[in-house]
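Worksheet: one structure, shown below.
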Amino acid sequence: MASTATPAMTATPSPMTTPFVFPDSCIGNWDYTATHITDHTTHLRIFDIGTDSDACNHGQTLNIDNGDLAVRFSPGVCPSGWTAYDLEIEQSAAGQSRKSSATCCPSGFTTSPAYRGGGGACTQIVSQTEPNNTDYFDSRNETIRVESMWLITWAKSDTKSMSPRPPSLGGDCTGAEIHTWVPGAKVKDGQRFCSRPESGGEPFSNPGIMFMMVGLPIIVVAIPSIFFCCVKPRLRRIRRERAREHAIELQEARDASAKAANAIIPGTDEVNNENEARDVRV
């Protein structure tokens, strides 16, 4: 069977919101092989290539020569019976909503990157032959089964229409990740990893950092300004009014004391009248 060298499709991924069930014609077609040599190891790759691309790959072209057997769906869920790997939140450009992504492979397979470019495939090691001695440069043989890989993405708003619904990756996380998830299974706390952006990332996507960088300096500048412009003048007026009231109270107290003293001690005029009367009698 000849290989297909046509580049993988770059069109907008189609939606796939329920688990796809592969027809029998798409399974077990191990009739294409290819040899690939890396680091003194001969990899014999056996590809499972469906004969009907529309039924098996939904019209998306596979780039076998580059090891890219990825098909893409958005929003998408894994096919029936497959496992999701490397669920994570993708970094988004300014003004764009964040999206989550995952890689889907059949049970017993793991993800493998493409030889060149993006994408990849799902692989399963069938056999490995080690050299008879410990010489590193001796050749090794490896037989690998290669299946198509599903690359799925979704936005938070898409989860309402997806079945099964993907697990939450954390609303305030920018580097959240779940390594493995069987669709429909509950994710335990220890399976979810959440990280915050570091320097050189996207700090303004985190509300806490946004507050520290913008909100806090405004508060630090605004509070003293409000105090000196509004609060301090008012405090001065209040102190002046209290001092004036206190002075009035002291003056009233002095006047009251003077009046009380005059009522007890005779005044000067009365003393003079008594002296004049005494002189007349003499």
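Simple scheme: letters A, B, ... for chains in structure tokens order, numbers from 1 for residues in each chain, numbers from 1 for ligands in the order shown.
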
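Around A:Pro167, within 9 Å and counting only C-alpha atoms, the residues found are Ile178, Trp181, Pro183, Gly184, Ala185, Lys186 and Val187 of chain A, once anything fewer than 3 positions away on its own chain is removed.
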
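Remark: for A:Asp158, the closest of the candidate residues A:Cys56, A:Ala256, A:Val77, A:Val21 is A:Val77 (distances computed over only C-alpha atoms).
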
### Spatial neighbours of A:Glu147, max dist 8 Å, only C-alpha atoms, sep filter under 2 positions, as a ChimeraX atom specification
/A:47-49,69,105-106,121-123,145,149

### Query
What does the distance between atom CA of A:Lys156 and atom CA of A:Ser100 come to in Å, to one decimal place?
7.8 Å

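With only C-alpha atoms as the basis for measurement, A:Gly67 is the residue among A:Pro15, A:Gly175, A:Gly67, A:Gly28 that approaches A:Ala114 most closely.
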
### Task
Using DSSP on the backbone coordinates, identify the residues of stretch 22-204 of chain A assigned to alpha helix (DSSP H); present them as a VMD selection string.
chain A and resid 53 to 57

### Query
Mind pulling up the distance from atom CA of A:Trp150 to atom CA of A:Gln60?
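Going from atom CA of A:Gln60 over to atom CA of A:Trp150 covers 11.1 Å.
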
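Between A:Asp39 and the candidates A:Thr180, A:Asn141, A:Gln191, A:Ser161, the tightest atom-to-atom separation, counting only C-alpha atoms, involves A:Asn141.
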
### Query
Pick from A:Ala155, A:Leu62, A:Cys173, A:Ala102: nearest to A:Tyr85, with only C-alpha atoms counted?
A:Ala102

#### Entry: Between atom CA of A:Arg239 and atom CA of A:Gln251, distance in Å (one decimal)
18.5 Å
